[in-house]
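Asks: Quick one: this structure, given as structure tokens, is what I'll be asking you about.
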Amino acid sequence: MEKKLFSKDFTLVIIGQIISLFGNAVVRFALPLYLLNQTGSSALYGTVTACAFIPMILLSPVGGIVADRVNKRNVMVVLDFLTAGLILLFSLAMGSVNLVFLLTITLMLLYGIAGAYQPSVQASIPALVAKEQLMAANAVVNMVSSFASLIGPVLGGVLYSVYGLEKVLWVCIVCFFLSAVMEIFIHIPFEKQSSEGGIWTMVKADFAGSLRFIRREKPAIGQGLLVICGINLFLSAMIIVGLPYMITEVLDLEAAWANKLYGFAQGALAAGGLAGGICGGIFAGRMCIQKSGKLIVAAAICVLPIGAGLFLFSSGMINYLIMTACCFTIMVFSTIFTIQMMSFVQAQTPPRLIGKVMAVMMTVSMCAQPFGNAMYGVLFEVCKGYEYVVVLFAGIVSLALALRAGHIFRGI
């Protein structure tokens, strides 16, 4: 009998993810924007968001090891409760602690928790669905993430503009609490693994085993990771830092509308991810990893019109529309690529290694993000008035990397 995709447990995972990721999207939108509004500094914004990625990078391997050795449901429940408590503490400390210090520490902890959390989610998918359903299941998970990211920034932008940061934080607290309660009722098959020696010995052995698998047994995964690192460094980081900075500080837009328009732009990014997830689900049977390089090439090309628009047009609204449309398209292509890559890795990895391998993938792919965020924060500050130069630089370098990636994936 064929295993249903939407079993009770997979459905509960998806519902829990909708609530949790919605809270994540709102809080990650509101806190950095609040800092940017208070300081107006892209360099500070880029530095703080870069610092926030460091705990995510460090804790992802730990999360992968835990995901393979502890019940994945328990990991998700505990971390969602912990996130709700952290946001509550931040809301109570506002006004009595230095803003930059408080925001930096809070974002670092939030990203660190997310880094430890996501390997459990990704590793639970092969345990809950059949192998031939992996592409469709990953498409559903990506659609959920994109849907939450679509609604989160839009609603967060409206709440933030009308009611201020405090109300946004309380919405996030409720989201994480409800998600944790929902996840208590999930059953994920779990087989306890034996361990020898102390915790540090176990961690080193597990991490070394996953690296050995990626480098020697499945080198195609390692090559794909290097491509993702380059794209994160030059393309993703430019969008993360450049989009809020240019919309709220550079474009000729009314101050009262700038934050809301940024929220809508974030929503467009998420809508692109949702559209990419839908395409990934519909065409799951027709897609292959060998052709995925074309998707990255298409995403890189879409950066170039943003730079051209900044150079050619003085109208803030025209540039805003170009940015929004291009970012939507970039997300469509990059989401389909992510679905293909995740499904390929999950299908090629044995169950005893899946959590650790997924964590190593996330860790290595994110390593470039802090450097990219800090780099673009400085570049936009130095090139004030010539932001199109920074954007065109990002597009040209990303396109060169994407063309190289095409050769790598065709050889898999």
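Naming works like this for the structure tokens: A, B, ... for the chains as they're shown, residue 1 at the start of each chain, ligands 1 onward in shown order.
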List the neighbours of Ser124 (chain A) out to 9 Å using only C-alpha atoms; skip same-chain residues closer than 4 positions along the sequence, and give me the result as a PDB file with all heavy atoms, in the first residue's frame.
Replies:
```
ATOM      1  N   PHE A  10       2.998  14.041   9.364  1.00  0.00           N
ATOM      2  CA  PHE A  10       3.565  15.013   8.429  1.00  0.00           C
ATOM      3  C   PHE A  10       2.708  16.273   8.386  1.00  0.00           C
ATOM      4  O   PHE A  10       3.225  17.397   8.325  1.00  0.00           O
ATOM      5  CB  PHE A  10       3.679  14.402   7.032  1.00  0.00           C
ATOM      6  CG  PHE A  10       4.305  15.319   6.012  1.00  0.00           C
ATOM      7  CD1 PHE A  10       5.641  15.677   6.112  1.00  0.00           C
ATOM      8  CD2 PHE A  10       3.557  15.844   4.957  1.00  0.00           C
ATOM      9  CE1 PHE A  10       6.235  16.536   5.177  1.00  0.00           C
ATOM     10  CE2 PHE A  10       4.135  16.692   4.018  1.00  0.00           C
ATOM     11  CZ  PHE A  10       5.476  17.038   4.138  1.00  0.00           C
ATOM     12  N   VAL A  13       3.512  18.326  11.413  1.00  0.00           N
ATOM     13  CA  VAL A  13       4.796  19.010  11.210  1.00  0.00           C
ATOM     14  C   VAL A  13       4.585  20.260  10.365  1.00  0.00           C
ATOM     15  O   VAL A  13       5.116  21.346  10.674  1.00  0.00           O
ATOM     16  CB  VAL A  13       5.824  18.073  10.532  1.00  0.00           C
ATOM     17  CG1 VAL A  13       7.041  18.865  10.059  1.00  0.00           C
ATOM     18  CG2 VAL A  13       6.272  16.982  11.502  1.00  0.00           C
ATOM     19  N   ALA A  67      19.690  15.857  16.209  1.00  0.00           N
ATOM     20  CA  ALA A  67      18.552  15.341  15.441  1.00  0.00           C
ATOM     21  C   ALA A  67      18.670  13.846  15.170  1.00  0.00           C
ATOM     22  O   ALA A  67      17.660  13.147  15.077  1.00  0.00           O
ATOM     23  CB  ALA A  67      18.442  16.105  14.119  1.00  0.00           C
ATOM     24  N   LYS A  72      13.349  13.837  17.268  1.00  0.00           N
ATOM     25  CA  LYS A  72      13.280  15.122  16.562  1.00  0.00           C
ATOM     26  C   LYS A  72      12.103  15.963  17.036  1.00  0.00           C
ATOM     27  O   LYS A  72      12.175  17.202  17.058  1.00  0.00           O
ATOM     28  CB  LYS A  72      13.203  14.880  15.058  1.00  0.00           C
ATOM     29  CG  LYS A  72      14.409  14.118  14.508  1.00  0.00           C
ATOM     30  CD  LYS A  72      14.191  13.685  13.084  1.00  0.00           C
ATOM     31  CE  LYS A  72      15.336  12.812  12.574  1.00  0.00           C
ATOM     32  NZ  LYS A  72      15.468  11.538  13.340  1.00  0.00           N
ATOM     33  N   ARG A  73      11.009  15.326  17.395  1.00  0.00           N
ATOM     34  CA  ARG A  73       9.853  16.071  17.899  1.00  0.00           C
ATOM     35  C   ARG A  73      10.214  16.838  19.161  1.00  0.00           C
ATOM     36  O   ARG A  73       9.864  18.017  19.315  1.00  0.00           O
ATOM     37  CB  ARG A  73       8.705  15.110  18.211  1.00  0.00           C
ATOM     38  CG  ARG A  73       7.469  15.790  18.796  1.00  0.00           C
ATOM     39  CD  ARG A  73       6.635  14.828  19.598  1.00  0.00           C
ATOM     40  NE  ARG A  73       7.385  14.301  20.735  1.00  0.00           N
ATOM     41  CZ  ARG A  73       6.975  13.272  21.479  1.00  0.00           C
ATOM     42  NH1 ARG A  73       5.847  12.654  21.183  1.00  0.00           N
ATOM     43  NH2 ARG A  73       7.703  12.860  22.489  1.00  0.00           N
ATOM     44  N   PRO A 119      17.768  21.373  11.230  1.00  0.00           N
ATOM     45  CA  PRO A 119      18.159  19.988  10.896  1.00  0.00           C
ATOM     46  C   PRO A 119      17.127  18.950  11.342  1.00  0.00           C
ATOM     47  O   PRO A 119      16.930  17.941  10.661  1.00  0.00           O
ATOM     48  CB  PRO A 119      19.485  19.815  11.652  1.00  0.00           C
ATOM     49  CG  PRO A 119      20.046  21.185  11.730  1.00  0.00           C
ATOM     50  CD  PRO A 119      18.868  22.089  11.925  1.00  0.00           C
ATOM     51  N   SER A 120      16.459  19.192  12.464  1.00  0.00           N
ATOM     52  CA  SER A 120      15.429  18.247  12.926  1.00  0.00           C
ATOM     53  C   SER A 120      14.249  18.221  11.965  1.00  0.00           C
ATOM     54  O   SER A 120      13.673  17.159  11.697  1.00  0.00           O
ATOM     55  CB  SER A 120      14.955  18.626  14.332  1.00  0.00           C
ATOM     56  OG  SER A 120      15.960  18.380  15.285  1.00  0.00           O
ATOM     57  N   LEU A 128       9.095  10.430   7.517  1.00  0.00           N
ATOM     58  CA  LEU A 128       7.635  10.538   7.494  1.00  0.00           C
ATOM     59  C   LEU A 128       7.023  10.296   6.121  1.00  0.00           C
ATOM     60  O   LEU A 128       5.809  10.085   6.021  1.00  0.00           O
ATOM     61  CB  LEU A 128       7.208  11.927   7.997  1.00  0.00           C
ATOM     62  CG  LEU A 128       7.549  12.249   9.461  1.00  0.00           C
ATOM     63  CD1 LEU A 128       7.165  13.688   9.788  1.00  0.00           C
ATOM     64  CD2 LEU A 128       6.842  11.288  10.405  1.00  0.00           C
ATOM     65  N   VAL A 129       7.829  10.339   5.054  1.00  0.00           N
ATOM     66  CA  VAL A 129       7.291  10.135   3.704  1.00  0.00           C
ATOM     67  C   VAL A 129       8.135   9.093   2.976  1.00  0.00           C
ATOM     68  O   VAL A 129       9.277   8.817   3.352  1.00  0.00           O
ATOM     69  CB  VAL A 129       7.271  11.451   2.888  1.00  0.00           C
ATOM     70  CG1 VAL A 129       6.487  12.532   3.614  1.00  0.00           C
ATOM     71  CG2 VAL A 129       8.683  11.938   2.583  1.00  0.00           C
ATOM     72  N   ILE A 188       7.354  10.926  15.422  1.00  0.00           N
ATOM     73  CA  ILE A 188       8.387  10.735  14.395  1.00  0.00           C
ATOM     74  C   ILE A 188       9.173   9.474  14.740  1.00  0.00           C
ATOM     75  O   ILE A 188       9.700   9.369  15.855  1.00  0.00           O
ATOM     76  CB  ILE A 188       9.342  11.946  14.331  1.00  0.00           C
ATOM     77  CG1 ILE A 188       8.566  13.218  13.977  1.00  0.00           C
ATOM     78  CG2 ILE A 188      10.442  11.707  13.294  1.00  0.00           C
ATOM     79  CD1 ILE A 188       9.398  14.482  14.010  1.00  0.00           C
ATOM     80  N   PRO A 189       9.230   8.476  13.846  1.00  0.00           N
ATOM     81  CA  PRO A 189       9.996   7.249  14.133  1.00  0.00           C
ATOM     82  C   PRO A 189      11.417   7.585  14.576  1.00  0.00           C
ATOM     83  O   PRO A 189      12.098   8.401  13.952  1.00  0.00           O
ATOM     84  CB  PRO A 189       9.988   6.514  12.786  1.00  0.00           C
ATOM     85  CG  PRO A 189       8.770   7.022  12.090  1.00  0.00           C
ATOM     86  CD  PRO A 189       8.616   8.445  12.509  1.00  0.00           C
ATOM     87  N   GLY A 355      20.489  13.648   9.494  1.00  0.00           N
ATOM     88  CA  GLY A 355      20.475  14.878  10.278  1.00  0.00           C
ATOM     89  C   GLY A 355      21.803  15.602  10.225  1.00  0.00           C
ATOM     90  O   GLY A 355      21.864  16.822  10.040  1.00  0.00           O
TER      91      GLY A 355
END
```
Asks: Which residues are close to Phe311 (chain A), i.e. within 12 Å by only C-alpha atoms, leaving aside same-chain residues fewer than 5 positions away? Reply as an NGL selection string.
Replies: :A and (304-306 or 316 or 318-319 or 385-392)
Asks: Keeping only C-alpha atoms, write the selected residues as a compact mmCIF listing (two decimals), in the first residue's frame.
Replies:
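The resulting file, result_10.txt, is shown below:
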```txt
# COMPACT_ATOMS: atom_id res chain seq x y z
CA LEU A 304 21.23 43.10 -13.38
CA PRO A 305 17.96 45.02 -14.06
CA ILE A 306 18.01 46.30 -10.45
CA GLY A 316 11.86 55.91 -6.32
CA ILE A 318 9.94 52.83 -10.56
CA ASN A 319 13.08 51.48 -8.92
CA GLY A 385 24.94 57.77 -4.17
CA TYR A 386 26.31 55.05 -6.48
CA GLU A 387 24.41 52.05 -5.15
CA TYR A 388 23.92 50.75 -8.69
CA VAL A 389 27.66 49.95 -8.81
CA VAL A 390 27.31 47.59 -5.84
CA VAL A 391 24.25 45.89 -7.34
CA LEU A 392 25.86 45.42 -10.76
```
Asks: Give the answer as one residue: which of A:Cys383, A:Leu353, A:Val70, A:Ala255 has the shortest atom-to-atom distance to Phe190 (chain A), using only C-alpha atoms?
Replies: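 Going through A:Cys383, A:Leu353, A:Val70, A:Ala255 one by one, the smallest distance to Phe190 (chain A) is for A:Val70.
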Asks: Please list as a count of residues only every residue within 9 Å of Ala265 (chain A), counting only C-alpha atoms and excluding residues in the same chain fewer than 2 positions away.
Replies: 20
Asks: For a quick check of understanding, using only C-alpha atoms, which of A:Val66, A:Cys326, A:Leu379, A:Cys229 has the smallest distance to Ala123 (chain A)?
Replies: A:Val66
Asks: From a DSSP pass on the backbone, collect the residues of region 140-359 of chain A flagged as alpha helix (DSSP H) and hand them back as a ChimeraX atom specification.
Replies: /A:140-163,165-183,199-212,219-231,237-245,255-282,293-301,304-312,316-348,354-359
Asks: Of the candidates A:Val345, A:Ile239, A:Val250, A:Leu155, which shows the shortest atom-to-atom distance to Tyr376 (chain A), using only C-alpha atoms?
Replies: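 Checking each candidate against Tyr376 (chain A), we get A:Ile239 as the closest.
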Asks: Which region 8-70 of chain A residues have any atom within 12 Å of an atom of region 178-187 of chain A, and for each, what is the nearest pair of atoms with distance in Å to one decimal, counting only C-alpha atoms, rows sorted by chain and number, as a tab-separated table?
Replies:
```
residue	atom	partner	partner_atom	distance
A:Lys8	CA	A:Ile186	CA	8.1
A:Asp9	CA	A:Ile186	CA	5.2
A:Phe10	CA	A:Ile186	CA	8.1
A:Thr11	CA	A:Ile186	CA	9.0
A:Leu12	CA	A:Ile186	CA	6.2
A:Val13	CA	A:Glu183	CA	6.8
A:Ile14	CA	A:Glu183	CA	9.7
A:Ile15	CA	A:Met182	CA	7.8
A:Gly16	CA	A:Ser179	CA	4.8
A:Gln17	CA	A:Ser179	CA	7.2
A:Ile18	CA	A:Ser179	CA	8.3
A:Ile19	CA	A:Ser179	CA	5.6
A:Ser20	CA	A:Ser179	CA	5.5
A:Leu21	CA	A:Ser179	CA	9.2
A:Phe22	CA	A:Ser179	CA	10.0
A:Gly23	CA	A:Ser179	CA	9.4
A:Asn24	CA	A:Ser179	CA	11.3
```
Asks: Using only C-alpha atoms, which protein or nucleic acid residues come within 8 Å of region 401-406 of chain A? Drop anything in the same chain fewer than 6 positions from it, and give the result as a PyMOL selection string.
Replies: chain A and resi 224+227+230-231+291-294+296-297+300
Asks: My list of candidates is A:Val26, A:Val141, A:Ile282, A:Ala127. Which is closest to Tyr160 (chain A) when distances are computed with only C-alpha atoms?
Replies: A:Val26
Asks: Rank A:Trp257, A:Tyr117, A:Phe177, A:Tyr111 by their smallest atom-to-atom distance to Val162 (chain A), using only C-alpha atoms, and report the top residue only.
Replies: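 So, comparing all the options, the nearest one is A:Trp257.
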Asks: Which value, in Å to one decimal, gives the distance between CA of Ile354 (chain A) and CA of Ser145 (chain A)?
Replies: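 Going from CA of Ile354 (chain A) over to CA of Ser145 (chain A) covers 20.6 Å.
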Asks: Pick the closest to Gly281 (chain A) from A:Leu134, A:Ala30, A:Ala258, A:Leu92: which is it, counting only C-alpha atoms?
Replies: A:Leu134
Asks: Grab the CA of Val121 (chain A) to CA of Asn142 (chain A) distance for me, in Å with one decimal place.
Replies: 11.6 Å
